[in-house]
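Novice: Please find work29.txt (compact mmCIF, C-alpha atoms and all ligand atoms) on the next line:
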# COMPACT_ATOMS: atom_id res chain seq x y z
CA MET F 231 -10.75 -0.61 1.72
CA ALA F 232 -7.37 0.44 0.38
CA ARG F 233 -5.25 2.98 2.19
CA VAL F 234 -3.64 5.43 -0.19
CA LEU F 235 -1.02 7.81 1.08
CA LEU F 236 0.10 10.21 -1.59
CA ASP F 237 3.69 11.19 -1.13
CA GLY F 238 5.17 12.49 -4.33
CA TYR F 239 3.99 12.70 -7.91
CA VAL F 240 0.26 13.19 -8.47
CA PRO F 241 -0.86 12.91 -12.09
CA ASP F 242 -2.92 15.71 -13.59
CA ALA F 243 -6.56 14.92 -12.78
CA SER F 244 -7.71 16.91 -15.81
CA ARG F 245 -5.92 14.56 -18.23
CA PRO F 246 -8.31 12.34 -20.18
CA SER F 247 -8.52 8.90 -18.61
CA ALA F 248 -6.41 6.31 -20.45
CA VAL F 249 -7.96 3.02 -21.49
CA GLY F 250 -8.13 0.74 -18.48
CA ARG F 251 -6.98 3.53 -16.20
CA ALA F 252 -9.08 4.50 -13.23
CA ALA F 253 -10.21 8.11 -13.10
CA VAL F 254 -7.72 10.09 -11.02
CA PRO F 255 -9.19 11.37 -7.78
CA SER F 256 -8.21 14.94 -6.99
CA VAL F 257 -6.17 15.46 -3.85
CA SER F 258 -7.76 17.76 -1.31
CA PRO F 259 -5.84 19.31 1.58
CA VAL F 260 -7.88 17.31 4.05
CA PHE F 261 -8.51 13.60 4.32
CA SER F 262 -10.86 12.51 1.55
CA VAL F 263 -12.44 9.32 0.33
CA THR F 264 -12.96 8.76 -3.38
CA ARG F 265 -14.52 5.57 -4.67
CA GLY F 266 -13.67 3.65 -1.50
CA VAL F 267 -10.02 4.67 -1.61
CA SER F 268 -8.73 6.81 1.26
CA VAL F 269 -6.35 9.53 0.18
CA VAL F 270 -4.07 11.27 2.65
CA PRO F 271 -2.13 14.31 1.42
CA ASP F 272 1.61 14.70 1.91
CA SER F 273 1.19 17.19 4.78
CA ALA F 274 -0.90 14.71 6.76
CA LEU F 275 1.65 11.97 6.11
CA LYS F 276 4.45 14.15 7.47
CA SER F 277 2.53 15.17 10.59
CA ARG F 278 1.68 11.53 11.26
CA SER F 279 5.38 10.70 11.04
CA ALA F 280 6.43 13.26 13.65
CA THR F 281 5.21 11.28 16.66
CA PRO F 282 6.05 7.60 16.39
CA ARG F 283 3.69 5.32 18.24
CA THR F 284 4.88 3.59 21.36
CA SER F 285 1.95 1.23 21.86
CA TYR F 286 0.26 -1.02 19.34
CA PRO F 287 -3.02 -2.89 19.16
CA ASP F 288 -2.93 -6.60 19.95
CA PRO F 289 -2.17 -8.61 16.81
CA ASP F 290 -5.09 -10.24 15.02
CA PRO F 291 -4.72 -13.95 15.90
CA ASP F 292 -6.19 -14.94 12.51
CA ALA F 293 -3.80 -12.82 10.43
CA VAL F 294 -0.88 -14.49 8.68
CA LEU F 295 1.07 -11.23 8.97
CA ASP F 296 0.20 -8.32 11.23
CA LEU F 297 2.68 -5.45 11.27
CA ALA F 298 2.06 -2.26 13.23
CA GLY F 299 4.26 0.82 13.20
CA VAL F 300 7.20 -1.14 11.77
CA THR F 301 10.25 1.06 11.35
CA VAL F 302 13.74 -0.08 10.37
CA THR F 303 16.47 2.53 10.86
CA ARG F 304 20.04 2.20 9.57
CA SER F 305 22.70 4.93 9.73
CA GLY F 306 20.04 7.46 10.74
CA ASN F 307 17.77 6.67 7.77
CA ASP F 308 14.42 4.93 7.94
CA LEU F 309 14.51 2.09 5.40
CA LEU F 310 10.96 1.37 6.54
CA HIS F 311 8.83 3.97 8.25
CA GLU F 312 5.74 3.22 10.38
CA ILE F 313 4.45 0.36 8.25
CA ASP F 314 1.02 -1.07 9.10
CA TRP F 315 0.16 -4.20 7.13
CA GLN F 316 -2.12 -7.18 7.58
CA VAL F 317 -2.17 -10.28 5.40
CA ARG F 318 -4.84 -12.96 5.78
CA GLU F 319 -4.74 -16.64 4.92
CA ASP F 320 -6.70 -16.43 1.67
CA GLU F 321 -4.93 -13.33 0.37
CA ARG F 322 -2.24 -13.13 -2.30
CA TRP F 323 -0.26 -9.89 -2.16
CA VAL F 324 2.08 -8.12 -4.51
CA VAL F 325 4.53 -5.62 -2.99
CA LEU F 326 5.50 -3.03 -5.60
CA GLY F 327 8.03 -0.23 -5.47
CA PRO F 328 11.12 1.16 -7.16
CA ASN F 329 14.65 -0.02 -6.38
CA GLY F 330 15.60 0.97 -2.86
CA ALA F 331 11.99 1.45 -1.71
CA GLY F 332 12.47 -1.06 1.13
CA LYS F 333 10.72 -4.10 -0.39
CA THR F 334 13.43 -6.60 0.55
CA THR F 335 13.74 -5.05 4.01
CA LEU F 336 9.98 -5.42 4.50
CA LEU F 337 10.09 -9.05 3.37
CA SER F 338 13.03 -9.75 5.71
CA VAL F 339 10.96 -8.46 8.64
CA ALA F 340 7.85 -10.38 7.52
CA ALA F 341 9.90 -13.58 7.15
CA ALA F 342 11.37 -13.32 10.67
CA ARG F 343 14.86 -12.63 9.29
CA LEU F 344 15.13 -9.06 10.62
CA HIS F 345 13.86 -7.38 13.78
CA PRO F 346 12.47 -3.89 13.28
CA THR F 347 13.99 -0.93 15.11
CA ARG F 348 10.47 -0.04 16.29
CA GLY F 349 7.03 -1.51 15.91
CA ARG F 350 5.22 -4.77 16.46
CA VAL F 351 5.44 -7.77 14.15
CA ALA F 352 3.19 -10.82 14.40
CA ILE F 353 3.76 -13.71 11.99
CA LEU F 354 1.35 -16.65 11.94
CA GLY F 355 -0.01 -15.53 15.30
CA GLU F 356 3.45 -15.38 16.91
CA GLN F 357 4.99 -12.10 17.96
CA LEU F 358 8.62 -11.41 16.96
CA GLY F 359 10.68 -11.07 20.11
CA LYS F 360 8.46 -13.53 22.01
CA VAL F 361 8.94 -16.58 19.80
CA ASP F 362 11.87 -18.79 18.82
CA VAL F 363 12.41 -17.69 15.21
CA PHE F 364 14.02 -21.03 14.40
CA GLU F 365 10.66 -22.70 15.06
CA LEU F 366 8.81 -20.04 13.10
CA ARG F 367 10.97 -19.95 9.96
CA PRO F 368 10.07 -23.42 8.59
CA ARG F 369 6.42 -22.22 8.56
CA ILE F 370 7.45 -19.44 6.17
CA GLY F 371 8.57 -20.27 2.63
CA LEU F 372 11.07 -17.66 1.45
CA SER F 373 12.83 -17.31 -1.87
CA SER F 374 15.22 -14.40 -2.30
CA ALA F 375 18.45 -13.55 -4.09
CA SER F 376 20.42 -13.60 -0.84
CA LEU F 377 19.19 -17.09 0.07
CA ALA F 378 19.78 -18.31 -3.49
CA GLU F 379 23.40 -17.15 -3.34
CA ARG F 380 23.99 -19.59 -0.49
CA ILE F 381 22.90 -22.67 -2.45
CA PRO F 382 26.03 -24.69 -3.26
CA ALA F 383 26.67 -25.10 -7.01
CA ASP F 384 27.68 -28.75 -6.52
CA GLU F 385 24.42 -29.77 -4.85
CA THR F 386 21.93 -31.86 -6.86
CA VAL F 387 18.62 -30.19 -7.62
CA ALA F 388 16.80 -32.96 -5.68
CA ASP F 389 18.91 -32.19 -2.60
CA VAL F 390 18.49 -28.41 -2.95
CA VAL F 391 14.73 -28.89 -2.60
CA VAL F 392 14.61 -31.68 -0.02
CA THR F 393 17.15 -30.16 2.39
CA ALA F 394 14.72 -27.27 2.97
CA ALA F 395 12.87 -29.73 5.19
CA TYR F 396 15.79 -29.38 7.58
CA ALA F 397 15.94 -25.61 7.25
CA VAL F 398 19.54 -25.79 6.10
CA VAL F 399 21.27 -24.89 2.89
CA GLY F 400 23.58 -27.67 1.79
CA ARG F 401 22.89 -31.32 2.35
CA PHE F 402 23.22 -32.57 5.88
CA THR F 403 24.19 -36.09 6.83
CA GLU F 404 20.59 -36.85 7.83
CA GLN F 405 18.97 -39.48 5.67
CA TYR F 406 15.78 -37.85 4.53
CA ASP F 407 12.97 -40.30 4.14
CA GLY F 408 11.04 -41.38 1.08
CA LEU F 409 8.11 -39.11 1.83
CA ASP F 410 10.33 -36.05 1.67
CA ALA F 411 11.90 -37.26 -1.57
CA ASP F 412 8.43 -37.78 -3.08
CA ARG F 413 7.31 -34.32 -2.03
CA GLY F 414 10.47 -32.79 -3.47
CA ARG F 415 9.89 -34.54 -6.81
CA SER F 416 6.26 -33.47 -6.99
CA LEU F 417 7.18 -29.82 -6.27
CA LEU F 418 9.80 -29.93 -9.01
CA ALA F 419 7.12 -31.35 -11.33
CA GLN F 420 4.73 -28.54 -10.34
CA PHE F 421 7.31 -26.07 -11.62
CA GLY F 422 8.15 -28.12 -14.73
CA VAL F 423 11.70 -29.04 -13.66
CA GLU F 424 11.33 -32.63 -12.43
CA HIS F 425 13.73 -33.82 -15.13
CA LEU F 426 16.47 -31.68 -13.56
CA ALA F 427 16.42 -33.56 -10.21
CA PRO F 428 19.79 -35.34 -10.75
CA ARG F 429 21.53 -32.26 -12.22
CA LEU F 430 23.94 -30.11 -10.23
CA TYR F 431 22.35 -26.79 -9.27
CA GLY F 432 25.35 -24.86 -10.61
CA THR F 433 24.68 -26.17 -14.13
CA LEU F 434 21.13 -24.74 -14.36
CA SER F 435 20.01 -21.71 -16.34
CA GLU F 436 18.70 -18.69 -14.41
CA GLY F 437 15.09 -19.61 -15.25
CA GLU F 438 15.58 -23.19 -14.07
CA ARG F 439 17.22 -21.96 -10.86
CA LYS F 440 14.29 -19.67 -10.06
CA ARG F 441 11.83 -22.53 -10.38
CA VAL F 442 13.97 -24.79 -8.19
CA GLN F 443 14.21 -22.01 -5.58
CA ILE F 444 10.41 -21.72 -5.41
CA ALA F 445 10.01 -25.51 -5.17
CA ARG F 446 12.51 -25.38 -2.30
CA ALA F 447 10.57 -22.59 -0.57
CA LEU F 448 7.43 -24.75 -0.72
CA MET F 449 9.15 -27.89 0.60
CA THR F 450 8.25 -27.32 4.27
CA ASP F 451 4.55 -26.92 3.33
CA PRO F 452 4.68 -23.32 4.60
CA GLU F 453 1.64 -21.34 5.74
CA VAL F 454 2.90 -18.30 3.86
CA LEU F 455 5.11 -18.13 0.78
CA MET F 456 7.27 -15.05 0.19
CA LEU F 457 9.00 -14.52 -3.15
CA ASP F 458 11.41 -11.61 -3.61
CA GLU F 459 11.61 -10.69 -7.30
CA PRO F 460 11.13 -14.26 -8.56
CA ALA F 461 11.23 -13.19 -12.23
CA ALA F 462 14.35 -11.00 -11.98
CA GLY F 463 16.88 -11.82 -14.69
CA LEU F 464 14.57 -14.06 -16.72
CA ASP F 465 14.09 -13.72 -20.45
CA LEU F 466 10.59 -13.15 -21.84
CA GLY F 467 9.81 -16.86 -22.22
CA GLY F 468 11.11 -17.60 -18.73
CA ARG F 469 9.12 -14.74 -17.24
CA GLU F 470 5.90 -15.75 -18.93
CA ASP F 471 6.30 -19.38 -17.88
CA LEU F 472 6.94 -18.35 -14.28
CA VAL F 473 4.05 -15.86 -14.20
CA HIS F 474 1.76 -18.62 -15.46
CA ARG F 475 2.94 -21.09 -12.82
CA LEU F 476 2.62 -18.47 -10.08
CA SER F 477 -0.87 -17.68 -11.34
CA VAL F 478 -1.85 -21.34 -10.97
CA LEU F 479 -0.39 -21.32 -7.45
CA ALA F 480 -2.08 -18.03 -6.49
CA SER F 481 -5.45 -19.19 -7.84
CA ASP F 482 -5.44 -22.46 -5.88
CA PRO F 483 -7.39 -22.06 -2.61
CA ALA F 484 -5.21 -24.81 -1.09
CA SER F 485 -2.06 -22.71 -1.60
CA PRO F 486 -0.51 -20.83 1.31
CA ALA F 487 -0.88 -17.06 1.61
CA LEU F 488 1.43 -15.42 -0.91
CA VAL F 489 3.56 -12.28 -0.83
CA LEU F 490 5.33 -11.54 -4.10
CA VAL F 491 7.77 -8.65 -4.44
CA THR F 492 8.48 -7.02 -7.78
CA HIS F 493 9.07 -3.66 -9.40
CA HIS F 494 7.35 -4.63 -12.67
CA VAL F 495 3.55 -4.67 -12.90
CA GLU F 496 3.97 -7.02 -15.90
CA GLU F 497 5.08 -9.69 -13.41
CA ILE F 498 1.85 -9.64 -11.38
CA PRO F 499 0.25 -13.07 -11.90
CA PRO F 500 -3.53 -13.30 -12.28
CA GLY F 501 -4.81 -14.56 -8.93
CA ILE F 502 -3.08 -11.82 -6.92
CA THR F 503 -5.76 -10.21 -4.74
CA HIS F 504 -4.02 -7.36 -2.88
CA ALA F 505 -1.24 -4.83 -3.41
CA LEU F 506 1.05 -2.82 -1.17
CA LEU F 507 2.89 0.04 -2.89
CA LEU F 508 6.06 1.24 -1.22
CA ARG F 509 8.10 4.39 -1.82
CA GLN F 510 11.07 5.46 0.29
CA GLY F 511 10.11 3.07 3.07
CA LYS F 512 6.52 4.34 3.31
CA VAL F 513 3.24 2.81 2.23
CA VAL F 514 1.73 4.74 -0.69
CA ALA F 515 -1.29 2.46 -0.99
CA ALA F 516 -2.37 -0.90 0.40
CA GLY F 517 -5.49 -2.98 -0.04
CA PRO F 518 -7.49 -4.93 -2.61
CA LEU F 519 -5.63 -4.92 -5.93
CA ASP F 520 -8.18 -2.96 -7.98
CA GLU F 521 -8.31 -0.15 -5.43
CA ALA F 522 -4.66 0.00 -4.37
CA LEU F 523 -3.06 -0.34 -7.81
CA THR F 524 -4.15 2.50 -10.09
CA ALA F 525 -2.33 4.79 -12.51
CA GLN F 526 -2.37 7.40 -9.75
CA THR F 527 -0.89 5.26 -6.98
CA LEU F 528 1.66 3.70 -9.34
CA SER F 529 2.71 7.17 -10.54
CA SER F 530 3.12 8.33 -6.94
CA THR F 531 5.10 5.21 -6.09
CA PHE F 532 7.56 5.50 -8.98
CA GLY F 533 7.64 9.30 -9.09
CA LEU F 534 6.65 9.70 -12.73
CA ALA F 535 3.44 9.98 -14.73
CA LEU F 536 2.42 6.48 -15.74
CA ARG F 537 -0.36 4.95 -17.73
CA LEU F 538 -1.58 1.62 -16.40
CA ASP F 539 -3.43 -0.90 -18.54
CA ARG F 540 -4.98 -4.21 -17.61
CA VAL F 541 -5.73 -6.80 -20.28
CA ASP F 542 -6.84 -10.37 -19.53
CA GLY F 543 -5.82 -10.02 -15.89
CA ARG F 544 -2.28 -8.83 -16.76
CA TYR F 545 -0.95 -5.34 -16.15
CA ALA F 546 1.27 -3.12 -18.26
CA ALA F 547 2.65 0.32 -17.39
CA ARG F 548 4.44 2.99 -19.39
CA ALA F 549 5.33 6.63 -19.01
CA LEU F 550 2.76 9.16 -20.19
N1 LIG C 1 22.27 -2.43 6.30
C1 LIG C 1 21.93 -1.31 5.64
N2 LIG C 1 22.43 -0.11 6.01
C2 LIG C 1 22.09 1.02 5.36
N3 LIG C 1 21.25 1.04 4.31
C3 LIG C 1 20.72 -0.12 3.90
C4 LIG C 1 21.03 -1.36 4.53
N4 LIG C 1 20.35 -2.34 3.89
C5 LIG C 1 19.65 -1.74 2.90
N5 LIG C 1 19.89 -0.42 2.90
C6 LIG C 1 19.28 0.58 2.00
O1 LIG C 1 17.89 0.56 2.28
C7 LIG C 1 17.16 0.86 1.11
C8 LIG C 1 16.11 -0.19 0.90
O2 LIG C 1 16.72 -1.39 0.54
P1 LIG C 1 15.89 -2.66 0.04
O3 LIG C 1 14.96 -3.08 1.12
O4 LIG C 1 16.88 -3.68 -0.42
O5 LIG C 1 15.08 -2.05 -1.18
P2 LIG C 1 14.37 -2.77 -2.42
O6 LIG C 1 14.30 -4.24 -2.14
O7 LIG C 1 13.02 -2.13 -2.50
O8 LIG C 1 15.19 -2.45 -3.64
C9 LIG C 1 18.17 0.95 -0.02
O9 LIG C 1 18.41 2.32 -0.27
C10 LIG C 1 19.39 0.27 0.54
O10 LIG C 1 20.57 0.80 0.01
MG MG C 2 14.99 -5.87 -3.18
With the file now loaded, output its structure as structure tokens.
Specialist:
Amino acid sequence: MARVLLDGYVPDASRPSAVGRAAVPSVSPVFSVTRGVSVVPDSALKSRSATPRTSYPDPDPDAVLDLAGVTVTRSGNDLLHEIDWQVREDERWVVLGPNGAGKTTLLSVAAARLHPTRGRVAILGEQLGKVDVFELRPRIGLSSASLAERIPADETVADVVVTAAYAVVGRFTEQYDGLDADRGRSLLAQFGVEHLAPRLYGTLSEGERKRVQIARALMTDPEVLMLDEPAAGLDLGGREDLVHRLSVLASDPASPALVLVTHHVEEIPPGITHALLLRQGKVVAAGPLDEALTAQTLSSTFGLALRLDRVDGRYAARAL
């Protein structure tokens, strides 16, 4: 079941339903359940926030990610506020939200790059604070703008991918073995950039770089893959190619669990199973894609009235 916390814009329930748009449940002043979606009004959200939890349930040992009450505070502001989130092995999540909603902060916590100010974080059955993060990180494939910035321009594409096996950016003096080189080549092939292996990373187009970054994130055969805005800055052809390749990845049962961050519903690849919608550091809705991502929840998340359409497994949104 999806959790839906309404905190902001609520579209007019009396409006005729747009094509492909779920009927808008009305918001009652008390907790209500409409079509399997729990709706909590703003007042309830605020009262829940007043008393932060100090104890948390034991993490689910089978969950890939299990976050409870996660709060990240900087300069007196909560970038994330009391986030509860569970991701299982066979799930593929999209995290949606406007700029500044806290998506990258959430991914940094989930990828063992950032400790929360409060709350409990379990990643692959290991609890942050009780585990050596340097042993945990190779089990998590992460691709983000901040990691990409650290890739040296004068590194060959083959090295950019293979050096991930050593959890370093920039080629070390270690001689990586043939098996690693083969795996690197096959990952580049999976993303259609095998021919770029001898090229210097700095000479690649933005679209080519993105694909190399994802191949790199997969190099350690991670148990969960996290991609922060993988299609940002791509042209239409580049975006469509990437969405297709991510769809193939997401639809393969042998793939690791996936968490993909974006602020465009057009970038959600078919094969995504779950959605978490974030606004001002708070969860607006989370759960199975069809229940969590509706015109209503998207409108609340972005703070404007939106129409949401779904055609052939792809989403499109525009202002009403
Ligand atoms: N170290 C920090 N100190 C204060 N504010 C921060 C810090 N890092 C990020 N922020 C702010 O936190 C908010 C959430 O940032 P971020 O997680 O990057 O959002 P998103 O990825 O959804 O765009 C933004 O308003 C950002 O300016
Ligand atoms: Mg971000």
Novice: With a cut-off of 10 Å, could you pull out the residues of chain F touching ligand LIG 1 (chain C) and give me the nearest pair of atoms for each, distance in Å to one decimal, using only C-alpha atoms and all ligand atoms, ordered by chain and ascending number, as a tab-separated table?
Specialist:
residue	atom	partner	partner_atom	distance
F:Val302	CA	C:LIG1	O1	9.1
F:Thr303	CA	C:LIG1	C2	8.0
F:Arg304	CA	C:LIG1	C2	4.8
F:Ser305	CA	C:LIG1	C2	5.9
F:Gly306	CA	C:LIG1	C2	8.6
F:Asn307	CA	C:LIG1	N3	7.5
F:Asp308	CA	C:LIG1	O1	7.9
F:Leu309	CA	C:LIG1	O1	4.8
F:Leu310	CA	C:LIG1	C8	7.8
F:Val325	CA	C:LIG1	O7	9.2
F:Leu326	CA	C:LIG1	O7	8.2
F:Gly327	CA	C:LIG1	O7	6.1
F:Pro328	CA	C:LIG1	O7	6.0
F:Asn329	CA	C:LIG1	O8	3.7
F:Gly330	CA	C:LIG1	O5	3.5
F:Ala331	CA	C:LIG1	O7	3.8
F:Gly332	CA	C:LIG1	O3	3.2
F:Lys333	CA	C:LIG1	O7	3.7
F:Thr334	CA	C:LIG1	O6	3.7
F:Thr335	CA	C:LIG1	O3	3.7
F:Leu336	CA	C:LIG1	O3	6.5
F:Leu337	CA	C:LIG1	O3	8.0
F:Ser338	CA	C:LIG1	O3	8.3
F:Asp458	CA	C:LIG1	O6	8.1
F:Glu459	CA	C:LIG1	O6	8.7
F:Val491	CA	C:LIG1	O6	8.2
F:Thr492	CA	C:LIG1	O7	8.5
F:His493	CA	C:LIG1	O7	8.1
F:Leu508	CA	C:LIG1	O7	7.8
F:Arg509	CA	C:LIG1	O7	8.2
F:Gln510	CA	C:LIG1	C8	7.6
F:Gly511	CA	C:LIG1	C8	7.2
Novice: So how many Å separate CA of Gly467 (chain F) and CA of Gln420 (chain F), to one decimal?
Specialist: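 About the pair CA of Gly467 (chain F) and CA of Gln420 (chain F): they are 17.4 Å apart.
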Novice: Find the residues near Leu418 (chain F): any atom within 12 Å, counting only C-alpha atoms, skip ones fewer than 3 places away on the same chain, and give them as a ChimeraX atom specification.
Specialist: /F:387-392,411-415,421-428,438-449,475
Novice: Which value, in Å to one decimal, gives the distance between CA of Val489 (chain F) and CA of Gln357 (chain F)?
Specialist: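 CA of Gln357 (chain F) lies at a distance of 18.8 Å from CA of Val489 (chain F).
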Novice: Excluding Thr284 (chain F) and any residue of its chain fewer than 5 positions from it, enumerate the residues within 9 Å of it, using all atoms listed in the file, and give them as JSON, numbers by chain.
Specialist: {"F": [299, 348, 349]}
Novice: Mind dumping the selected residues with C-alpha atoms as a compact mmCIF listing (two decimals), keeping the file's coordinate frame?
Specialist:
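Result written to again26.txt:
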# COMPACT_ATOMS: atom_id res chain seq x y z
CA GLY F 299 4.26 0.82 13.20
CA ARG F 348 10.47 -0.04 16.29
CA GLY F 349 7.03 -1.51 15.91
